>>> print(open('my_file.cif').read())   # mmCIF, C-alpha atoms
data_work
loop_
_atom_site.label_atom_id
_atom_site.label_comp_id
_atom_site.auth_asym_id
_atom_site.auth_seq_id
_atom_site.Cartn_x
_atom_site.Cartn_y
_atom_site.Cartn_z
CA MET A 1 38.20 10.57 -6.06
CA ALA A 2 38.36 14.01 -7.56
CA SER A 3 37.44 14.25 -11.19
CA THR A 4 40.31 14.86 -13.61
CA GLN A 5 37.97 15.92 -16.39
CA ARG A 6 38.61 19.46 -17.59
CA GLU A 7 35.95 21.70 -19.08
CA TYR A 8 36.53 23.99 -22.04
CA ARG A 9 33.96 26.55 -23.18
CA MET A 10 34.62 27.36 -26.81
CA ALA A 11 34.32 31.04 -27.67
CA ILE A 12 33.41 30.20 -31.26
CA SER A 13 30.03 29.31 -32.65
CA ILE A 14 29.70 26.07 -34.55
CA VAL A 15 27.24 24.67 -37.05
CA ALA A 16 25.04 21.72 -36.20
CA GLY A 17 25.94 18.19 -37.22
CA THR A 18 29.24 16.53 -37.99
CA LYS A 19 30.86 19.69 -39.35
CA GLY A 20 30.41 21.29 -35.95
CA LEU A 21 32.14 18.32 -34.29
CA ILE A 22 35.13 18.78 -36.55
CA GLN A 23 35.15 22.47 -35.57
CA LEU A 24 35.40 21.33 -31.94
CA GLY A 25 38.57 19.40 -32.69
CA LEU A 26 37.33 15.89 -33.44
CA SER A 27 39.12 14.09 -36.22
CA ILE A 28 37.38 12.58 -39.22
CA SER A 29 37.99 9.12 -37.80
CA ASP A 30 36.38 10.16 -34.50
CA VAL A 31 33.31 11.39 -36.34
CA ALA A 32 33.19 8.22 -38.46
CA LEU A 33 33.25 6.12 -35.28
CA LEU A 34 30.43 8.19 -33.77
CA ILE A 35 28.33 7.72 -36.89
CA ASP A 36 28.95 3.97 -36.90
CA GLN A 37 28.12 3.64 -33.19
CA GLY A 38 25.06 5.85 -33.68
CA LYS A 39 23.67 3.49 -36.32
CA LYS A 40 24.09 0.46 -34.05
CA PHE A 41 23.29 1.84 -30.61
CA GLY A 42 22.01 5.40 -31.06
CA ASN A 43 23.63 8.73 -30.18
CA PHE A 44 23.16 12.48 -30.70
CA VAL A 45 25.12 12.46 -33.97
CA ARG A 46 22.65 10.09 -35.64
CA VAL A 47 19.45 11.16 -33.86
CA ARG A 48 17.67 12.71 -36.84
CA GLN A 49 18.80 10.03 -39.27
CA ASN A 50 17.70 7.29 -36.85
CA ASP A 51 14.31 8.95 -36.51
CA GLY A 52 14.08 9.07 -40.28
CA ASP A 53 15.02 5.39 -40.55
CA LEU A 54 12.29 4.48 -38.06
CA PHE A 55 9.59 6.18 -40.10
CA ASP A 56 10.95 4.62 -43.29
CA LEU A 57 10.60 1.22 -41.64
CA LEU A 58 7.04 1.98 -40.55
CA ASN A 59 6.23 3.54 -43.93
CA GLU A 60 4.92 6.60 -42.10
CA VAL A 61 5.76 10.27 -41.69
CA PRO A 62 6.58 11.96 -38.33
CA GLU A 63 3.09 13.48 -38.20
CA ALA A 64 1.65 9.99 -37.83
CA VAL A 65 3.00 10.15 -34.26
CA LEU A 66 3.41 13.88 -33.66
CA LYS A 67 -0.15 14.78 -34.62
CA ARG A 68 -0.66 17.85 -32.43
CA ARG A 69 -0.11 20.97 -34.49
CA GLY A 70 1.76 23.81 -32.84
CA LEU A 71 3.18 21.68 -30.03
CA VAL A 72 6.77 22.44 -31.01
CA GLU A 73 8.67 24.90 -33.16
CA ALA A 74 12.13 23.63 -34.08
CA HIS A 75 13.68 27.09 -34.37
CA GLU A 76 12.50 27.97 -30.83
CA MET A 77 14.02 24.77 -29.47
CA GLU A 78 17.28 25.46 -31.29
CA THR A 79 17.38 28.93 -29.76
CA LYS A 80 16.71 27.73 -26.20
CA TRP A 81 18.98 24.69 -26.35
CA SER A 82 21.69 26.10 -28.58
CA GLU A 83 24.62 25.07 -26.37
CA GLN A 84 26.16 21.69 -27.09
CA ALA A 85 28.50 19.82 -24.75
CA ILE A 86 30.58 16.75 -25.49
CA VAL A 87 33.42 14.91 -23.76
CA HIS A 88 36.48 14.36 -25.98
CA GLN A 89 39.76 12.89 -24.78
CA GLY A 90 38.91 13.57 -21.15
CA ARG A 91 37.81 17.15 -21.79
CA LYS A 92 34.26 18.46 -21.59
CA ILE A 93 33.86 20.84 -24.49
CA LYS A 94 31.01 23.31 -24.81
CA ALA A 95 30.15 25.47 -27.78
CA LYS A 96 27.18 27.42 -29.07
CA ILE A 97 25.44 26.19 -32.18
CA CYS A 98 24.73 29.12 -34.45
CA GLY A 99 21.41 29.43 -36.25
CA SER A 100 18.53 27.03 -36.55
CA THR A 101 18.70 23.90 -38.61
CA ALA A 102 15.08 24.32 -39.67
CA THR A 103 12.92 27.32 -40.33
CA PRO A 104 9.47 27.68 -38.77
CA VAL A 105 7.88 26.87 -42.13
CA GLU A 106 9.95 23.70 -42.50
CA SER A 107 9.15 22.61 -38.94
CA THR A 108 5.42 23.20 -39.32
CA ASN A 109 5.03 21.68 -42.76
CA MET A 110 7.42 18.78 -42.53
CA GLY A 111 4.61 16.25 -43.01
CA LYS A 112 3.22 17.63 -46.26
CA LYS A 113 5.47 15.39 -48.30
CA LYS A 114 7.06 12.01 -47.79
CA LYS A 115 10.11 12.29 -45.61
CA ASP A 116 13.54 11.98 -47.21
CA SER A 117 15.75 9.87 -44.96
CA ASN A 118 18.84 11.62 -46.34
CA ASN A 119 17.60 14.96 -45.08
CA PRO A 120 18.55 15.29 -41.39
CA GLU A 121 16.02 18.07 -40.83
CA SER A 122 13.01 16.08 -42.04
CA ALA A 123 12.05 14.85 -38.55
CA GLU A 124 13.15 17.99 -36.72
CA GLY A 125 10.07 18.67 -34.62
CA PHE A 126 9.64 15.01 -33.73
CA THR A 127 13.32 14.80 -32.72
CA TRP A 128 12.97 17.64 -30.22
CA VAL A 129 9.75 16.27 -28.73
CA MET A 130 11.24 12.80 -28.32
CA ALA A 131 14.37 14.23 -26.66
CA ALA A 132 12.24 16.19 -24.18
CA ILE A 133 9.98 13.21 -23.39
CA VAL A 134 12.86 10.79 -22.84
CA ALA A 135 14.74 13.34 -20.72
CA VAL A 136 11.80 13.73 -18.32
CA LEU A 137 10.86 10.03 -18.23
CA ASP A 138 14.42 9.17 -17.18
CA ASN A 139 13.57 10.79 -13.84
CA CYS A 140 10.80 8.36 -12.94
CA LEU A 141 11.25 5.12 -14.92
CA PRO A 142 14.13 2.77 -15.73
CA ALA A 143 15.26 2.50 -19.35
CA SER A 144 13.49 -0.82 -19.93
CA ALA A 145 10.17 0.58 -18.67
CA ILE A 146 10.56 3.70 -20.84
CA HIS A 147 11.04 1.45 -23.87
CA ARG A 148 7.89 -0.55 -23.10
CA LEU A 149 5.90 2.61 -22.41
CA LEU A 150 6.90 4.36 -25.64
CA VAL A 151 6.21 1.22 -27.67
CA GLU A 152 2.66 1.29 -26.29
CA VAL A 153 2.34 5.03 -26.98
CA PHE A 154 3.55 4.72 -30.58
CA ALA A 155 1.33 1.70 -31.22
CA ALA A 156 -1.72 3.58 -29.88
CA LEU A 157 -1.01 6.62 -32.08
CA LEU A 158 -0.33 4.53 -35.16
CA ASN A 159 -3.32 2.22 -34.52
CA GLY A 160 -0.75 -0.49 -35.06
CA ASP A 161 -1.27 -4.23 -35.24
CA ASP A 162 1.02 -6.89 -33.80
CA ASP A 163 3.51 -6.48 -36.66
CA VAL A 164 3.88 -2.76 -35.92
CA LYS A 165 4.39 -3.51 -32.22
CA LYS A 166 7.07 -6.08 -33.03
CA ALA A 167 8.88 -3.61 -35.28
CA LEU A 168 8.71 -0.93 -32.59
CA LYS A 169 10.03 -3.29 -29.92
CA ILE A 170 13.06 -4.04 -32.08
CA HIS A 171 13.89 -0.64 -33.57
CA LEU A 172 12.57 2.00 -31.13
CA ASP A 173 15.33 1.28 -28.60
CA VAL A 174 17.93 2.91 -30.86
CA ASN A 175 15.75 6.00 -31.25
CA ILE A 176 15.24 6.30 -27.48
CA LYS A 177 18.98 6.05 -26.86
CA SER A 178 19.59 8.62 -29.59
CA SER A 179 17.07 10.98 -27.99
CA ARG A 180 18.64 10.47 -24.57
CA SER A 181 22.09 11.26 -25.96
CA PHE A 182 20.76 14.28 -27.86
CA ALA A 183 19.10 15.67 -24.71
CA CYS A 184 22.36 15.27 -22.78
CA ALA A 185 24.43 16.92 -25.52
CA ARG A 186 22.05 19.86 -25.72
CA GLN A 187 22.08 20.38 -21.92
CA MET A 188 18.36 19.65 -21.49
CA VAL A 189 18.55 17.04 -18.73
CA VAL A 190 19.44 19.08 -15.63
CA PRO A 191 17.02 22.01 -16.24
CA MET A 192 14.15 19.59 -16.89
CA LYS A 193 14.92 17.54 -13.78
CA THR A 194 15.03 20.75 -11.75
CA GLU A 195 11.61 21.73 -13.08
CA VAL A 196 10.23 18.28 -12.20
CA ARG A 197 11.43 18.63 -8.61
CA LYS A 198 9.98 22.15 -8.33
CA SER A 199 6.61 20.96 -9.60
CA LEU A 200 6.55 17.95 -7.26
CA LYS A 201 7.28 20.22 -4.30
CA ARG A 202 4.33 22.41 -5.24
CA CYS A 203 1.93 19.49 -5.86
CA TRP A 204 3.18 17.14 -3.15
CA PRO A 205 4.22 18.89 0.10
CA ASP A 206 5.90 15.77 1.54
CA PHE A 207 8.17 15.44 -1.50
CA LYS A 208 10.86 17.60 0.14
CA ARG A 209 11.63 14.69 2.45
CA PHE A 210 12.73 12.52 -0.49
CA GLU A 211 16.22 12.74 -1.93
CA SER A 212 15.21 11.20 -5.24
CA ILE A 213 12.12 11.27 -7.45
CA PRO A 214 9.94 8.17 -6.73
CA GLN A 215 9.52 5.67 -9.55
CA LEU A 216 6.08 5.27 -11.10
CA ASN A 217 3.94 2.31 -10.08
CA LYS A 218 1.85 0.32 -12.55
CA ALA A 219 -1.20 2.58 -12.44
CA GLU A 220 0.90 5.76 -12.66
CA THR A 221 2.74 4.32 -15.67
CA GLN A 222 -0.60 3.60 -17.35
CA HIS A 223 -1.70 7.17 -16.65
CA MET A 224 1.60 8.46 -18.07
CA LYS A 225 0.83 6.52 -21.24
CA SER A 226 -2.59 8.21 -21.44
CA PHE A 227 -0.92 11.59 -20.98
CA LEU A 228 1.67 11.01 -23.71
CA VAL A 229 -0.93 9.71 -26.17
CA TRP A 230 -3.07 12.79 -25.45
CA LEU A 231 -0.03 15.07 -25.79
CA LEU A 232 1.00 13.77 -29.20
CA ASP A 233 -2.52 13.25 -30.52
CA ASN A 234 -4.66 16.16 -31.67
CA ARG A 235 -8.14 15.12 -30.55
CA GLU A 236 -8.54 16.98 -27.26
CA THR A 237 -7.04 20.16 -25.83
CA GLN A 238 -7.63 19.44 -22.11
CA PHE A 239 -6.02 16.79 -19.92
CA THR A 240 -6.45 16.16 -16.19
CA ALA A 241 -3.33 14.86 -14.47
CA MET A 242 -4.33 12.61 -11.59
CA PHE A 243 -0.78 12.14 -10.28
CA ALA A 244 1.79 14.73 -9.31
CA MET A 245 4.43 13.19 -11.58
CA ALA A 246 2.19 13.41 -14.66
CA PHE A 247 1.66 17.12 -14.00
CA ALA A 248 5.37 17.61 -13.25
CA THR A 249 6.12 16.00 -16.61
CA ALA A 250 3.87 18.52 -18.33
CA GLU A 251 5.58 21.42 -16.55
CA ALA A 252 9.03 20.08 -17.45
CA LEU A 253 8.00 19.77 -21.12
CA LYS A 254 6.73 23.33 -20.96
CA GLU A 255 10.11 24.36 -19.54
CA ALA A 256 11.72 22.58 -22.49
CA LYS A 257 9.78 24.99 -24.75
CA LEU A 258 6.93 22.78 -25.86
CA HIS A 259 3.74 24.80 -26.25
CA LEU A 260 1.80 23.57 -23.22
CA CYS A 261 -0.42 25.43 -20.79
CA THR A 262 -0.25 24.33 -17.14
CA ASP A 263 -1.53 27.45 -15.34
CA GLY A 264 -5.07 27.51 -16.74
CA ASN A 265 -4.36 30.48 -19.02
CA PRO A 266 -3.85 29.26 -22.60
CA ALA A 267 -1.85 31.62 -24.80
CA TYR A 268 -4.03 30.92 -27.83
CA GLU A 269 -7.24 29.12 -28.72
CA GLY A 270 -6.77 25.38 -28.96
CA GLN A 271 -3.51 25.25 -26.98
CA ALA A 272 -2.93 21.95 -25.18
CA CYS A 273 -3.70 22.49 -21.48
CA VAL A 274 -2.96 20.27 -18.48
CA ARG A 275 -4.51 20.70 -15.05
CA TYR A 276 -3.70 18.84 -11.85
CA ARG A 277 -6.26 17.06 -9.70
CA ALA A 278 -4.93 16.86 -6.16
CA GLU A 279 -4.63 13.31 -4.82
CA ASP A 280 -7.09 13.98 -1.98
CA GLN A 281 -9.73 15.45 -4.32
CA ALA A 282 -12.59 13.06 -4.99
CA PHE A 283 -13.94 12.29 -8.43
CA GLY A 284 -17.24 13.25 -9.99
CA SER A 285 -20.37 14.96 -8.77
CA LEU A 286 -20.69 12.76 -5.71
CA GLY A 287 -17.33 13.67 -4.25
CA SER A 288 -17.67 17.35 -5.04
CA GLN A 289 -20.74 17.73 -2.79
CA ILE A 290 -19.81 15.60 0.21
CA THR A 291 -18.96 17.67 3.28
CA PRO A 292 -16.53 16.49 5.98
CA ILE A 293 -18.17 14.31 8.63
CA SER A 294 -17.30 15.00 12.25
CA ARG A 295 -15.55 12.29 14.24
CA GLY A 296 -15.22 11.53 17.96
CA LEU A 297 -17.77 11.97 20.77
CA ASN A 298 -19.74 14.57 18.82
CA SER A 299 -20.13 12.32 15.82
CA ARG A 300 -23.74 11.73 14.80
CA THR A 301 -22.77 8.20 13.83
CA LEU A 302 -21.88 7.38 17.44
CA GLN A 303 -25.06 8.88 18.82
CA ILE A 304 -27.63 7.47 16.40
CA SER A 305 -28.53 3.77 16.42
CA TRP A 306 -30.30 1.73 13.76
CA PRO A 307 -32.17 -1.61 13.65
CA ARG A 308 -29.85 -4.63 13.46
CA ASP A 309 -31.97 -6.20 10.73
CA ARG A 310 -31.99 -3.00 8.65
CA PRO A 311 -28.33 -1.92 8.28
CA LYS A 312 -29.25 0.19 5.26
CA THR A 313 -30.55 2.83 7.68
CA MET A 314 -26.91 3.66 8.50
CA ILE A 315 -27.06 5.91 5.44
CA ASP A 316 -29.49 8.16 7.32
CA THR A 317 -26.78 9.04 9.87
CA LEU A 318 -24.38 10.51 7.31
CA GLY A 319 -26.22 13.79 6.87
CA VAL A 320 -25.70 13.95 3.10
CA PRO A 321 -28.06 15.76 0.69
CA ARG A 322 -31.25 13.96 -0.32
CA HIS A 323 -30.16 13.13 -3.88
CA LEU A 324 -26.97 11.54 -2.57
CA GLU A 325 -28.92 9.56 0.01
CA ASP A 326 -31.16 8.19 -2.77
CA ILE A 327 -28.15 7.17 -4.86
CA MET A 328 -26.47 5.50 -1.89
CA GLY A 329 -29.69 3.62 -1.09
CA LEU A 330 -29.92 2.32 -4.65
CA LEU A 331 -26.29 1.19 -4.59
CA TRP A 332 -26.84 -0.53 -1.24
CA GLU A 333 -29.73 -2.51 -2.76
CA LEU A 334 -27.62 -3.52 -5.74
CA GLY A 335 -24.93 -4.66 -3.33
CA GLU A 336 -27.44 -6.73 -1.39
CA GLN A 337 -28.64 -8.41 -4.59
CA ALA A 338 -25.06 -9.26 -5.56
CA ALA A 339 -24.32 -10.59 -2.04
CA ASP A 340 -27.38 -12.89 -2.11
CA GLU A 341 -25.62 -15.07 -4.67
CA LEU A 342 -22.56 -15.56 -2.46
CA THR A 343 -22.21 -17.77 0.61
CA LEU A 344 -19.50 -17.61 3.26
CA VAL A 345 -18.73 -20.85 5.08
CA GLY A 346 -16.82 -20.95 8.34
CA LYS A 347 -14.01 -23.50 8.52
CA ALA A 348 -11.31 -24.65 10.90
CA ASP A 349 -8.45 -27.09 10.58
CA ILE A 350 -8.86 -30.32 12.57
CA PRO A 351 -7.72 -31.01 15.23
CA PHE A 352 -8.51 -27.49 16.40
CA GLU A 353 -6.02 -25.82 18.74
CA THR A 354 -5.92 -22.45 20.45
CA THR A 355 -3.12 -21.35 18.12
CA LYS A 356 -5.28 -21.94 15.04
CA GLU A 357 -7.78 -19.49 13.58
CA VAL A 358 -11.29 -19.97 12.29
CA TYR A 359 -11.46 -18.79 8.72
CA TYR A 360 -14.13 -18.26 6.08
CA CYS A 361 -14.29 -19.38 2.47
CA LEU A 362 -16.62 -18.49 -0.37
CA GLN A 363 -18.63 -21.36 -1.77
CA GLU A 364 -18.33 -21.89 -5.49
CA VAL A 365 -20.32 -19.28 -7.40
CA PRO A 366 -23.27 -20.85 -9.27
CA LEU A 367 -23.22 -20.79 -13.07
CA SER A 368 -26.40 -18.68 -13.08
CA ALA A 369 -24.40 -15.84 -11.49
CA ALA A 370 -21.60 -15.82 -14.07
CA VAL A 371 -20.89 -12.67 -16.08
CA ALA A 372 -23.20 -12.81 -19.09
CA LYS A 373 -22.30 -9.69 -21.01
CA LYS A 374 -19.21 -7.64 -21.86
CA PHE A 375 -18.44 -4.63 -19.65
CA PRO A 376 -16.00 -1.75 -20.25
CA THR A 377 -12.41 -2.29 -19.12
CA HIS A 378 -12.52 0.28 -16.33
CA ILE A 379 -15.49 -1.56 -14.74
CA GLY A 380 -13.52 -4.78 -14.68
CA MET A 381 -10.54 -2.96 -13.14
CA VAL A 382 -12.60 -1.87 -10.13
CA VAL A 383 -14.19 -5.32 -9.74
CA ASN A 384 -10.76 -6.95 -9.75
CA LEU A 385 -9.53 -4.50 -7.13
CA GLY A 386 -12.44 -4.77 -4.72
CA PHE A 387 -14.09 -8.17 -4.99
CA PRO A 388 -12.90 -11.77 -4.50
CA VAL A 389 -15.18 -13.09 -7.27
CA ARG A 390 -16.75 -11.76 -10.47
CA THR A 391 -20.47 -12.07 -11.13
CA GLN A 392 -23.00 -10.37 -13.39
CA LYS A 393 -24.66 -8.53 -10.48
CA ILE A 394 -21.33 -7.30 -9.09
CA TYR A 395 -20.39 -5.90 -12.49
CA ALA A 396 -23.82 -4.29 -12.85
CA ALA A 397 -23.57 -2.68 -9.40
CA VAL A 398 -20.09 -1.30 -10.11
CA GLU A 399 -21.28 -0.03 -13.49
CA MET A 400 -24.01 1.93 -11.70
CA LEU A 401 -21.49 3.21 -9.13
CA LEU A 402 -19.22 4.55 -11.89
CA LYS A 403 -22.04 5.84 -14.09
CA GLU A 404 -21.02 9.51 -13.85
CA GLU A 405 -17.30 8.93 -13.50
CA LYS A 406 -14.65 9.27 -16.18
CA GLU A 407 -13.11 6.06 -17.46
CA ASP A 408 -9.71 7.05 -16.02
CA ALA A 409 -11.10 7.34 -12.46
CA PRO A 410 -10.35 3.67 -11.66
CA ILE A 411 -6.71 4.30 -12.60
CA TRP A 412 -6.58 6.91 -9.84
CA LEU A 413 -8.16 4.40 -7.46
CA GLN A 414 -5.79 1.63 -8.47
CA ALA A 415 -2.77 3.82 -7.76
CA HIS A 416 -4.09 4.79 -4.33
CA VAL A 417 -4.60 1.20 -3.20
CA ALA A 418 -1.26 0.00 -4.60
CA GLN A 419 1.03 -1.42 -1.94
CA ASP A 420 3.90 0.98 -2.59
CA TYR A 421 1.54 3.98 -2.34
CA LEU A 422 -0.01 2.76 0.93
CA LEU A 423 3.43 2.10 2.39
CA ARG A 424 4.51 5.58 1.30
CA ILE A 425 1.51 7.13 3.08
CA GLU A 426 2.13 4.99 6.18
CA ASN A 427 5.77 6.08 6.29
CA ASP A 428 4.72 9.71 5.92
CA SER A 429 2.31 9.29 8.85
CA VAL A 430 4.99 7.74 11.06
CA ALA A 431 7.43 10.49 10.15
CA HIS A 432 4.89 13.21 11.02
CA GLN A 433 4.14 11.57 14.39
CA GLY A 434 7.83 11.49 15.20
CA GLN A 435 8.27 15.20 14.52
#
>>> encode(input="my_file.cif", output="structure tokens")
Amino acid sequence: MASTQREYRMAISIVAGTKGLIQLGLSISDVALLIDQGKKFGNFVRVRQNDGDLFDLLNEVPEAVLKRRGLVEAHEMETKWSEQAIVHQGRKIKAKICGSTATPVESTNMGKKKKDSNNPESAEGFTWVMAAIVAVLDNCLPASAIHRLLVEVFAALLNGDDDVKKALKIHLDVNIKSSRSFACARQMVVPMKTEVRKSLKRCWPDFKRFESIPQLNKAETQHMKSFLVWLLDNRETQFTAMFAMAFATAEALKEAKLHLCTDGNPAYEGQACVRYRAEDQAFGSLGSQITPISRGLNSRTLQISWPRDRPKTMIDTLGVPRHLEDIMGLLWELGEQAADELTLVGKADIPFETTKEVYYCLQEVPLSAAVAKKFPTHIGMVVNLGFPVRTQKIYAAVEMLLKEEKEDAPIWLQAHVAQDYLLRIENDSVAHQGQ
């Protein structure tokens, strides 16, 4: 069905806020209804006031969340996204908002005094950042997942307890909806989505075969949380994006006019910079020095044999540098020690038939092998991914394996063994074979 909606581009410039809506032809009752709905459900008319109400509730100022100095300048955002569009009585009306609602000084120093909830410009920089973040997250997560993610991000930045989390779960939804409405009204959504798709095509060659942007899996969502906490915090200036969507998010936020560097050339000292680690690039010093191993009839592995009772000598056939060979030998020994505590028992269902399979079960792990000390979370993540049981020696071996790796490396691993990722790779392989 053809759309009957007509579009009007106003030749006049309007002021921001409710006065501008009246200039566009809305009645006072229309504006009153928008304000009332904005309080209850969130919209672009109430976005700044709702942000102010949130920080009043938390007894905080915007800088408690938006800690990174220089990430956004409100007057620059107003200049770039100065066109506002609304639908009124079946007509799409566009007009240009004249002037900035906040000066650079106001935007930079808005946290030097307690925010006044009656001042709609008091959370200006935060409002723009939230609108940009929600606009880009809408491309890769459903609304419910965005809400859960941003609750976690805010709680991490505020160092919040359970009471803060509960308050965020209840009240942040209105702010997210307000930010979403504000981004739509200011025409931010389509340009940011376009930038996301451009970035994904550059980082992920097979993306062009997809009509829509894939949703984030659990590990990618966790990495997105780490990215957003880093972005809003002010502790570090460098971030490594392990997934294409995380880097595409950074590029879209840069397109929105946030002060981010994604090309490796910061514009000023201390600028927040994001770099992308390709999905097939290994982590750490080990991966950076391993050379490709030949396969097929010329493979050294096929031509070199080793004693059956000494399988560790397989390492000798890999042709890796001496220091890597030593590390691999040590890890092999740790693996042997961990395996000594486990026993596999062959079983079969009785009466046995040709259609039934012999299967193996692990005997109960002895109490002496139980985990006796606390290990970092990322160690436990790898153990849970790769082992059927958890013992002290398994944890110790994995801890040695990850000794020189960053704590976020297991997140990369978790994403690349996730079922949806493996199915995506398998489908790509089938598609390439059919071409």
>>> resolve_selection(input="my_file.cif", expression="the PyMOL selection byres ((chain A and resi 274-276) around 8)", output="ChimeraX atom specification")
/A:238-244,247,250,260-264,272-273,277-278
>>> resolve_selection(input="my_file.cif", expression="the PyMOL selection byres ((chain A and resi 81) around 10)", output="PyMOL selection string")
chain A and resi 75-80+82-84+96-97+183+185-188+256-257
>>> atom_distance(input="my_file.cif", atom1="atom CA of Glu341 of chain A", atom2="atom CA of Glu399 of chain A")
18.0 Å
>>> resolve_selection(input="my_file.cif", expression="the PyMOL selection byres ((chain A and resi 43-45) around 6)", output="list in words")
Gly38, Gly42, Arg46, Val47, Ser178, Ser181 and Phe182 of chain A
>>> residues_around(input="my_file.cif", residues="segment 142-159 of chain A", least_positions_apart="5", cutoff="7 Å", atoms="all atoms listed in the file", output="list in words")
Ala64, Val65, Leu137, Val164, Lys165, Leu168, Lys169, Asp173, Lys225, Leu228, Val229 and Asp233 of chain A
>>> atom_distance(input="my_file.cif", atom1="atom CA of Leu258 of chain A", atom2="atom CA of Leu141 of chain A")
21.2 Å
>>> residues_around(input="my_file.cif", residues="Leu232 of chain A", least_positions_apart="5", cutoff="6 Å", atoms="only C-alpha atoms", output="ChimeraX atom specification")
/A:66-68
>>> atom_distance(input="my_file.cif", atom1="atom CA of Asp161 of chain A", atom2="atom CA of Glu63 of chain A")
18.5 Å
>>> residues_around(input="my_file.cif", residues="Ile133 of chain A", least_positions_apart="4", cutoff="9 Å", atoms="all atoms listed in the file", output="list in words")
Trp128, Val129, Leu137, Asp138, Ser179, Leu228, Thr249 and Leu253 of chain A
>>> residues_around(input="my_file.cif", residues="Met192 of chain A", least_positions_apart="6", cutoff="7 Å", atoms="only C-alpha atoms", output="ChimeraX atom specification")
/A:136,252,255-256
>>> closest_residue(input="my_file.cif", among="A:His259, A:Glu357, A:Met328, A:Ala370", to="Thr237 of chain A", atoms="only C-alpha atoms")
A:His259
>>> closest_residue(input="my_file.cif", among="A:Trp332, A:Phe352, A:Tyr359, A:Tyr421", to="Val398 of chain A", atoms="all atoms listed in the file")
A:Trp332
